[in-house]
Amino acid sequence: MLTCSACACQSLHRLWRIWANLQSPLPYGNLSKFSGLVVPEVRQVECRKFAALLTESSGFGLITRQNCEKSAVKIILEEFFVRHLLLAAGCVLGVMAFAPAADEPKPFIRVNLDTSEVPELETWGKEAQELIVEWYPRMVNLLGSENYQPAREMGLKFRNSKEGVAHTIKDQITVSSQWVKDHPEDVGLVIHEMVHVIQAYPPRSGPGWITEGVADYLRYAVYEGRPLSWFPSSADPKGFTKGYNMTAGFFLWLENGPAPGIVAKLNAHMRQGTYKESLFEEAGGKPLLDLWQDYLSHRRQMRSR
Ligand SMILES: [Zn+2]
């Protein structure tokens with residue numbers, strides 16, 4: 001966990017996460033080698049200074065609200081700004097050295113778009129295609145594992161259908177036309193499906209709720225940057241098995257609290273067919289059921305504040 005050297009707040013961890021996710025993966029190699037996506041070199045940074053540095057180097061009006069006492073360096077960022085300011089901040093901090101891209105690099109992934117069944121969705125499809133090209137390498141970085149070779153080509157097909165939302169089989173994403181027509185704002189669904197391509201879990205690799213929880217964690221917590229309060233919770237003692245955004249909120253809490261790096265770890269074991277429930281205890285210090293109870297009490301405390 002990356003904590004502030006002045007007040008021990010954990011806001012830096014969140015900043016680092018945003019930073020890590022907005023960079024092109026190529027200069028990083030494989031981020032997953034860093035536990036919890038934190039590099040030791042920046043452990044000694046004070047949250048105030050880090051936030052100030054980001055503000056200064058942006059020049060675009062980054063909005064910061066700093067309160068070093070209550071672990072609330074709140075940064076509201078727009079991705080466009082972040083990308084620029086963090087390039088600068090990265091150099092200053094010496095975490096890494098990379099040159100701003102002068103030429104457009106060749107896309108890491110080729111996305112074969114097929115809207116032939118529903119030509120009226122071509123514009124939406126092209127935007128989704130661009131979103132994948134941009135975010136696929138970042139997500140690959142977050143979900144690396146030993147000997148993993150990410151797919152370099154995938155299909156994105158729009159099916160003329162009134163049923164379902166979307167599904168993914170191997171490297172082929174299929175999206176249902178009616179869903180997109182009814183929910184044109186739901187472009188994040190392709191991030192969820194794209195994560196399934198990256199996961200590449202073999203059959204019977206582990207519980208489905210982890211597969212769907214990881215996909216929604218990367219969609220909602222990483223891509224959309226939703227706060228913990230946005231995620232649903234359930235008093236069910238096994239509520240984490242509901243998958244999707246229910247599990248994703250639990251993962252977000254684990255990542256920012258007792259088990260940084262848990263998502264990358266679960267992913268690696270699912271992919272290698274070595275998943276076991278005790279991974280939660282190894283990473284979080286308590287059995288899964290107890291961690292869930294801690295999570296629920298944290299959510300109750302948040303609501304009563
Ligand atoms: Zn899914």
# chains A, B, ... in the order shown; residues from 1 in each chain; ligands from 1

call {"tool": "residues_near_ligand", "arguments": {"ligand": "ligand 1", "cutoff": "8 Å", "atoms": "only C-alpha atoms and all ligand atoms", "output": "JSON list (two decimals) with C-alpha atoms, in the first residue's frame"}}
result
[["chain", "number", "residue", "atom", "x", "y", "z"],
["A", 167, "HIS", "CA", -20.96, -12.02, -24.56],
["A", 168, "THR", "CA", -17.44, -13.12, -25.33],
["A", 192, "HIS", "CA", -16.07, -5.66, -19.47],
["A", 193, "GLU", "CA", -16.14, -7.94, -22.52],
["A", 196, "HIS", "CA", -12.89, -11.49, -20.76],
["A", 211, "THR", "CA", -14.41, -13.99, -13.60],
["A", 212, "GLU", "CA", -17.30, -11.52, -13.66],
["A", 215, "ALA", "CA", -14.29, -7.84, -15.39],
["A", 216, "ASP", "CA", -16.56, -5.41, -13.56],
["A", 244, "TYR", "CA", -20.36, -8.44, -11.30]]

call {"tool": "residues_around", "arguments": {"residues": "range 289-300 of chain A", "least_positions_apart": "3", "cutoff": "9 Å", "atoms": "only C-alpha atoms", "output": "PDB file with C-alpha atoms, in the first residue's frame"}}
result
ATOM      1  CA  LEU A 228     -16.613   2.560  -3.347  1.00  0.00           C
ATOM      2  CA  SER A 229     -19.918   4.144  -2.326  1.00  0.00           C
ATOM      3  CA  SER A 233     -23.397  -4.338  -1.233  1.00  0.00           C
ATOM      4  CA  SER A 234     -25.424  -7.138   0.274  1.00  0.00           C
ATOM      5  CA  ALA A 235     -25.878  -8.392   3.822  1.00  0.00           C
ATOM      6  CA  PRO A 237     -22.843 -13.706   4.202  1.00  0.00           C
ATOM      7  CA  LYS A 238     -21.778 -14.939   0.775  1.00  0.00           C
ATOM      8  CA  GLY A 239     -22.755 -11.803  -1.123  1.00  0.00           C
ATOM      9  CA  PHE A 240     -19.400 -11.756  -2.890  1.00  0.00           C
ATOM     10  CA  PHE A 250     -15.423  -5.968  -2.636  1.00  0.00           C
ATOM     11  CA  TRP A 253     -12.049  -2.390  -0.983  1.00  0.00           C
ATOM     12  CA  LEU A 254      -9.542  -5.268  -0.828  1.00  0.00           C
ATOM     13  CA  PRO A 258      -6.124  -5.329   3.276  1.00  0.00           C
ATOM     14  CA  PHE A 280      -7.844 -14.429  -0.103  1.00  0.00           C
ATOM     15  CA  GLU A 281      -6.448 -15.327   3.302  1.00  0.00           C
ATOM     16  CA  GLY A 284      -5.782 -10.294   3.109  1.00  0.00           C
ATOM     17  CA  GLY A 285      -4.805 -12.009   6.356  1.00  0.00           C
ATOM     18  CA  LYS A 286      -8.257 -13.491   7.018  1.00  0.00           C
ATOM     19  CA  ARG A 303     -23.127   5.132   5.295  1.00  0.00           C
ATOM     20  CA  SER A 304     -23.378   6.279   8.914  1.00  0.00           C
ATOM     21  CA  ARG A 305     -20.789   9.033   8.485  1.00  0.00           C
TER      22      ARG A 305
END

call {"tool": "closest_residue", "arguments": {"among": "A:Val175, A:Val263, A:Asn112, A:Phe251", "to": "Gly155 in chain A", "atoms": "only C-alpha atoms"}}
result
A:Asn112

call {"tool": "residues_around", "arguments": {"residues": "Tyr223 in chain A", "least_positions_apart": "4", "cutoff": "8 Å", "atoms": "only C-alpha atoms", "output": "count of residues only"}}
result
3

call {"tool": "closest_residue", "arguments": {"among": "A:Pro287, A:Gly225, A:Gly144, A:Gly243", "to": "Gln272 in chain A", "atoms": "only C-alpha atoms"}}
result
A:Gly144

call {"tool": "atom_distance", "arguments": {"atom1": "CA of Tyr220 in chain A", "atom2": "CA of Glu282 in chain A"}}
result
25.4 Å

call {"tool": "select_by_dssp", "arguments": {"residues": "range 88-274 of chain A", "states": "strand (DSSP E)", "output": "list in words"}}
result
Arg110, Val111, Asn112, Leu113, Asp114, Glu153, Met154, Gly155, Leu156, Lys157, Phe158, Arg159, Ala166, His167, Thr168, Ile169, Gln172, Ile173, Thr174, Val175 and Ser176 of chain A

call {"tool": "closest_residue", "arguments": {"among": "A:Thr123, A:Lys157, A:Asn147, A:Val214", "to": "Pro184 in chain A", "atoms": "only C-alpha atoms"}}
result
A:Thr123

call {"tool": "atom_distance", "arguments": {"atom1": "CA of Ile132 in chain A", "atom2": "CA of Ile198 in chain A"}}
result
11.4 Å

call {"tool": "closest_residue", "arguments": {"among": "A:Leu189, A:Met246, A:Val197, A:Val180", "to": "Phe158 in chain A", "atoms": "only C-alpha atoms"}}
result
A:Val180
